[in-house]
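Student: Got a structure for you, my_file17.cif, holding mmCIF, C-alpha atoms.
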```
data_target
loop_
_atom_site.label_atom_id
_atom_site.label_comp_id
_atom_site.auth_asym_id
_atom_site.auth_seq_id
_atom_site.Cartn_x
_atom_site.Cartn_y
_atom_site.Cartn_z
CA MET O 2 200.56 126.56 123.56
CA ARG O 3 199.22 123.17 124.54
CA LEU O 4 201.64 121.21 126.70
CA ALA O 5 199.55 118.56 128.41
CA ARG O 6 196.08 117.14 128.48
CA SER O 7 194.33 116.03 131.63
CA GLU O 8 193.78 112.58 130.07
CA GLY O 9 196.22 110.64 127.91
CA ALA O 10 199.01 113.21 127.98
CA ASP O 11 201.77 110.64 128.42
CA GLY O 12 200.52 107.94 126.08
CA PRO O 13 198.43 107.45 122.99
CA VAL O 14 195.85 110.13 122.33
CA LYS O 15 192.67 109.30 124.22
CA ILE O 16 189.49 111.13 123.36
CA PRO O 17 186.83 110.37 125.94
CA SER O 18 183.28 110.21 124.63
CA ARG O 19 181.35 113.22 125.86
CA ARG O 20 177.75 114.33 125.48
CA VAL O 21 176.55 117.77 124.44
CA ASP O 22 174.63 118.14 127.71
CA GLU O 23 178.00 118.00 129.53
CA LEU O 24 179.09 121.28 127.90
CA ASN O 25 179.16 124.29 130.22
CA SER O 26 179.17 126.80 127.37
CA PRO O 27 175.70 128.06 126.38
CA ARG O 28 177.18 129.28 123.06
CA LEU O 29 178.44 125.81 122.18
CA ARG O 30 175.15 124.18 123.15
CA GLU O 31 173.32 126.74 120.98
CA THR O 32 175.74 126.18 118.08
CA PHE O 33 175.23 122.43 118.33
CA ALA O 34 171.44 122.92 118.39
CA ILE O 35 171.68 124.94 115.15
CA TRP O 36 173.72 122.15 113.52
CA GLN O 37 171.30 119.52 114.80
CA GLU O 38 168.32 121.46 113.42
CA LYS O 39 170.01 121.50 110.00
CA CYS O 40 170.37 117.69 110.07
CA GLY O 41 166.74 117.25 109.08
CA GLY O 42 166.40 113.83 110.67
CA PRO O 43 168.10 111.25 112.89
CA ASP O 44 170.17 109.61 110.11
CA ARG O 45 170.98 112.77 108.14
CA LEU O 46 173.71 115.38 108.34
CA PRO O 47 173.70 118.97 107.11
CA ASP O 48 174.82 119.47 103.53
CA ALA O 49 178.26 121.06 103.20
CA ASP O 50 177.10 123.15 100.23
CA ASP O 51 174.44 124.78 102.41
CA PHE O 52 176.93 125.94 105.07
CA ASP O 53 176.63 129.63 105.96
CA ILE O 54 178.85 130.89 108.77
CA LEU O 55 176.21 133.47 109.71
CA ASP O 56 173.84 130.64 110.65
CA TYR O 57 176.31 129.79 113.43
CA ARG O 58 176.54 133.34 114.74
CA PRO O 59 176.83 132.39 118.45
CA ALA O 60 180.30 130.90 117.81
CA VAL O 61 181.61 133.04 114.92
CA GLY O 62 184.82 134.23 116.66
CA ASN O 63 185.53 130.64 117.72
CA LEU O 64 184.35 128.78 114.63
CA ASN O 65 186.61 126.93 112.18
CA LEU O 66 185.56 125.37 108.90
CA VAL O 67 187.75 122.43 107.89
CA ALA O 68 187.82 120.68 104.50
CA VAL O 69 188.25 116.91 104.59
CA GLU O 70 190.74 115.80 101.93
CA ARG O 71 190.96 112.15 100.81
CA ASP O 72 193.75 109.86 99.61
CA PRO O 73 195.46 110.44 101.97
CA LEU O 74 193.09 111.66 104.67
CA ASP O 75 193.99 115.22 105.61
CA PHE O 76 192.26 118.25 107.06
CA VAL O 77 192.68 121.77 105.67
CA PHE O 78 191.37 124.93 107.32
CA ARG O 79 189.09 126.79 104.94
CA VAL O 80 188.45 129.26 107.78
CA HIS O 81 190.62 129.41 110.89
CA SER O 82 188.94 131.57 113.51
CA ALA O 83 190.64 134.66 114.87
CA ASN O 84 190.64 133.21 118.39
CA GLY O 85 191.96 129.89 117.10
CA ALA O 86 194.79 131.66 115.30
CA THR O 87 195.66 133.54 118.48
CA TYR O 88 195.63 130.34 120.52
CA VAL O 89 197.80 128.39 118.04
CA GLY O 90 200.08 131.35 117.30
CA ARG O 91 199.40 131.55 113.56
CA ASP O 92 196.55 131.73 111.09
CA LEU O 93 196.10 128.32 109.47
CA THR O 94 193.48 129.37 106.90
CA GLY O 95 194.29 127.44 103.72
CA ARG O 96 196.75 125.20 105.56
CA SER O 97 196.72 121.59 106.69
CA ILE O 98 196.60 120.54 110.32
CA GLU O 99 200.13 119.27 109.63
CA ASP O 100 201.14 122.94 109.98
CA TYR O 101 200.27 123.02 113.69
CA PRO O 102 203.49 124.00 115.47
CA ASN O 103 203.01 121.61 118.40
CA PRO O 104 203.31 117.92 117.40
CA GLU O 105 201.29 116.64 120.38
CA TYR O 106 198.42 119.00 119.63
CA ARG O 107 198.63 118.14 115.93
CA GLY O 108 198.18 114.44 116.76
CA PHE O 109 195.27 115.22 119.06
CA VAL O 110 193.51 117.33 116.39
CA ARG O 111 194.07 114.65 113.75
CA GLU O 112 192.50 112.00 116.03
CA VAL O 113 189.48 114.19 116.80
CA PHE O 114 188.88 115.17 113.16
CA THR O 115 189.37 111.57 111.99
CA ARG O 116 186.85 110.32 114.56
CA ALA O 117 184.22 112.83 113.43
CA THR O 118 184.89 112.02 109.76
CA LEU O 119 184.84 108.23 109.98
CA SER O 120 182.00 107.95 112.50
CA LYS O 121 179.91 110.65 110.77
CA GLN O 122 179.05 111.81 114.29
CA PRO O 123 179.84 114.97 116.24
CA VAL O 124 182.68 114.86 118.75
CA VAL O 125 182.36 116.80 122.00
CA LEU O 126 185.55 117.87 123.81
CA ILE O 127 185.95 119.04 127.38
CA GLU O 128 189.56 119.55 128.40
CA GLU O 129 191.86 121.11 130.90
CA LEU O 130 195.35 122.04 129.70
CA LEU O 131 198.59 123.26 131.16
CA THR O 132 199.81 126.32 129.22
CA ALA O 133 203.44 127.19 128.44
CA ASP O 134 203.47 129.54 131.45
CA SER O 135 202.11 126.78 133.75
CA ARG O 136 198.54 128.09 133.97
CA ARG O 137 195.58 125.74 133.88
CA MET O 138 193.21 126.47 131.03
CA SER O 139 189.81 124.88 130.56
CA TRP O 140 188.16 124.71 127.16
CA GLU O 141 185.33 122.95 125.39
CA GLY O 142 184.65 122.21 121.77
CA VAL O 143 182.39 120.41 119.38
CA VAL O 144 183.28 119.05 115.93
CA MET O 145 180.24 118.72 113.66
CA PRO O 146 180.46 116.89 110.31
CA LEU O 147 178.91 118.13 107.06
CA GLN O 148 178.25 115.80 104.13
CA ASP O 149 178.54 116.16 100.38
CA GLY O 150 175.97 114.97 97.82
CA ASP O 151 177.31 111.40 98.03
CA GLY O 152 176.87 111.24 101.80
CA GLU O 153 180.61 111.46 102.49
CA ILE O 154 181.97 113.85 105.11
CA SER O 155 183.57 116.70 103.19
CA ARG O 156 183.78 119.42 105.85
CA LEU O 157 183.84 119.82 109.60
CA ILE O 158 182.53 122.72 111.65
CA VAL O 159 184.72 123.14 114.71
CA ALA O 160 183.43 125.42 117.47
CA PHE O 161 185.26 125.97 120.76
CA GLU O 162 185.28 128.17 123.82
CA ILE O 163 188.03 128.85 126.32
CA LEU O 164 186.37 128.94 129.73
CA ASN O 165 189.12 130.59 131.82
#
```
Can the structure in the file be given as structure tokens, please?
Tutor:
Amino acid sequence: MRLARSEGADGPVKIPSRRVDELNSPRLRETFAIWQEKCGGPDRLPDADDFDILDYRPAVGNLNLVAVERDPLDFVFRVHSANGATYVGRDLTGRSIEDYPNPEYRGFVREVFTRATLSKQPVVLIEELLTADSRRMSWEGVVMPLQDGDGEISRLIVAFEILN
């Protein structure tokens, strides 16, 4: 369970801008490279209808696919990874991020997903957390938007790796 973030834990959610080259995880860098290759150009994003989880094989156990719902903006897990379900304590496949048990984490996830959706840019996360049993845990993640035929963000690929 997520209790505290290294940055912004006591105030509004702060998501520092990170670059992919700051990631320590080779699997996440490889997953991002696959997504980037599917972009097909500097101002293009991969098409959500062309998503195939097997294309992102390096991160399969740590890969979530999230549907972006509109009016109001919400995020629903189409696929919640096995490792994600273990980390959160429940499988959220088919459920909204509003079903996250921890309100602080829920707010953090909403901010990250909203940033990726509205900016139409990937979001790179590098964090250190304090777990419920007072252990420090380091993890990294990358949220990669997918667009529909109208150029709107309709899905997010979320890949993560717990480093310790």
Student: Since I can't run it myself right now, could you work out what the PyMOL selection byres ((chain O and resi 149) around 12) selects here and report it as a tab-separated table (two decimals) with C-alpha atoms, keeping the file's coordinate frame?
Tutor:
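Contents of the output file selection29.tsv:
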```
chain	number	residue	atom	x	y	z
O	45	ARG	CA	170.98	112.77	108.14
O	46	LEU	CA	173.71	115.38	108.34
O	47	PRO	CA	173.70	118.97	107.11
O	48	ASP	CA	174.82	119.47	103.53
O	49	ALA	CA	178.26	121.06	103.20
O	50	ASP	CA	177.10	123.15	100.23
O	51	ASP	CA	174.44	124.78	102.41
O	52	PHE	CA	176.93	125.94	105.07
O	68	ALA	CA	187.82	120.68	104.50
O	69	VAL	CA	188.25	116.91	104.59
O	121	LYS	CA	179.91	110.65	110.77
O	146	PRO	CA	180.46	116.89	110.31
O	147	LEU	CA	178.91	118.13	107.06
O	148	GLN	CA	178.25	115.80	104.13
O	150	GLY	CA	175.97	114.97	97.82
O	151	ASP	CA	177.31	111.40	98.03
O	152	GLY	CA	176.87	111.24	101.80
O	153	GLU	CA	180.61	111.46	102.49
O	154	ILE	CA	181.97	113.85	105.11
O	155	SER	CA	183.57	116.70	103.19
O	156	ARG	CA	183.78	119.42	105.85
O	157	LEU	CA	183.84	119.82	109.60
```
Student: When you look at O:Leu55 with a cut-off of 12 Å (counting only C-alpha atoms), what residues show up, excluding the ones that are within fewer than 5 positions of it in the same chain? I need them as a compact mmCIF listing (two decimals) with C-alpha atoms, in the coordinates of the input.
Tutor:
```txt
# COMPACT_ATOMS: atom_id res chain seq x y z
CA THR O 32 175.74 126.18 118.08
CA ILE O 35 171.68 124.94 115.15
CA ALA O 60 180.30 130.90 117.81
CA VAL O 61 181.61 133.04 114.92
CA GLY O 62 184.82 134.23 116.66
CA LEU O 64 184.35 128.78 114.63
```
Student: Calculate how many Å separate atom CA of O:Arg30 from atom CA of O:Ser97, rounding to one decimal.
Tutor: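 For atom CA of O:Arg30 relative to atom CA of O:Ser97, the distance reads 27.3 Å.
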Student: If you apply the PyMOL selection byres ((chain O and resi 163) around 9) to this file, what residues do you get, as number ranges by chain?
Tutor: O: 138-142, 161-162, 164-165
Student: Taking (197.1, 120.7, 109.3) as a centre in this file's frame and 10 Å as the limit, can you find every polymer residue with an atom that close, using all atoms listed in the file, and give them as a CSV table (one decimal) with C-alpha atoms, in the coordinates of the input?
Tutor:
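The result, written out as part_25.csv:
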```csv
chain,number,residue,atom,x,y,z
O,67,VAL,CA,187.8,122.4,107.9
O,75,ASP,CA,194.0,115.2,105.6
O,76,PHE,CA,192.3,118.2,107.1
O,77,VAL,CA,192.7,121.8,105.7
O,78,PHE,CA,191.4,124.9,107.3
O,93,LEU,CA,196.1,128.3,109.5
O,94,THR,CA,193.5,129.4,106.9
O,95,GLY,CA,194.3,127.4,103.7
O,96,ARG,CA,196.8,125.2,105.6
O,97,SER,CA,196.7,121.6,106.7
O,98,ILE,CA,196.6,120.5,110.3
O,99,GLU,CA,200.1,119.3,109.6
O,100,ASP,CA,201.1,122.9,110.0
O,101,TYR,CA,200.3,123.0,113.7
O,102,PRO,CA,203.5,124.0,115.5
O,107,ARG,CA,198.6,118.1,115.9
O,108,GLY,CA,198.2,114.4,116.8
O,110,VAL,CA,193.5,117.3,116.4
O,111,ARG,CA,194.1,114.6,113.8
```
Student: Name the closest residue to O:Leu29 among the candidates O:Val89, O:Asn65, O:Arg136, O:Val125; distances are taken between atoms, counting only C-alpha atoms.
Tutor: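 Checking each of O:Val89, O:Asn65, O:Arg136, O:Val125 against O:Leu29, counting only C-alpha atoms, the winner is O:Val125.
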Student: For a test of reading the model, state the distance in Å between atom CA of O:Cys40 and atom CA of O:Arg28, rounded to one decimal.
Tutor: 18.7 Å
Student: I'd like to know which of O:Arg116, O:Asn84, O:Phe33, O:Pro123 is closest to O:Arg58, using all atoms listed in the file.
Tutor: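 Of O:Arg116, O:Asn84, O:Phe33, O:Pro123, the one nearest O:Arg58, counting all atoms listed in the file, is O:Phe33.
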Student: Skip O:Ala83 itself and residues of its chain fewer than 3 positions away, then list as a list in words all residues within 9 Å of it, counting all atoms listed in the file.
Tutor: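 Non-adjacent residues within range: Gly62, Asn63, Leu64, Ala86, Thr87, Tyr88 and Asp92 of chain O.
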Student: What does the distance between atom CA of O:Tyr106 and atom CA of O:Arg79 come to in Å, to one decimal place?
Tutor: 19.1 Å
Student: For the file shown, report as a list in words the outcome of the PyMOL selection byres ((chain O and resi 18) around 12) at residue level.
Tutor: Lys15, Ile16, Pro17, Arg19, Arg20, Val21, Glu23, Val113, Arg116, Ala117, Gln122, Pro123, Val124, Val125, Leu126, Ile127, Glu128 and Val143 of chain O
Student: Given all atoms listed in the file as the basis, pick out the residue of O:Ser120, O:Asp56, O:Ser82, O:Glu129 nearest to O:Glu38.
Tutor: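 That would be O:Asp56, the residue with the smallest distance to O:Glu38.
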Student: For each of O:Ser26, O:Tyr57, O:Thr115, O:Asp72, take the minimum atom-to-atom distance to O:Lys39, counting all atoms listed in the file, then give the residue where this is smallest.
Tutor: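 Comparing O:Ser26, O:Tyr57, O:Thr115, O:Asp72 against O:Lys39, the winner is O:Tyr57.
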Student: In terms of the shortest atom-to-atom distance over only C-alpha atoms, which of O:Phe109, O:Ile54, O:Pro59, O:Pro43 is closest to O:Val80?
Tutor: O:Ile54
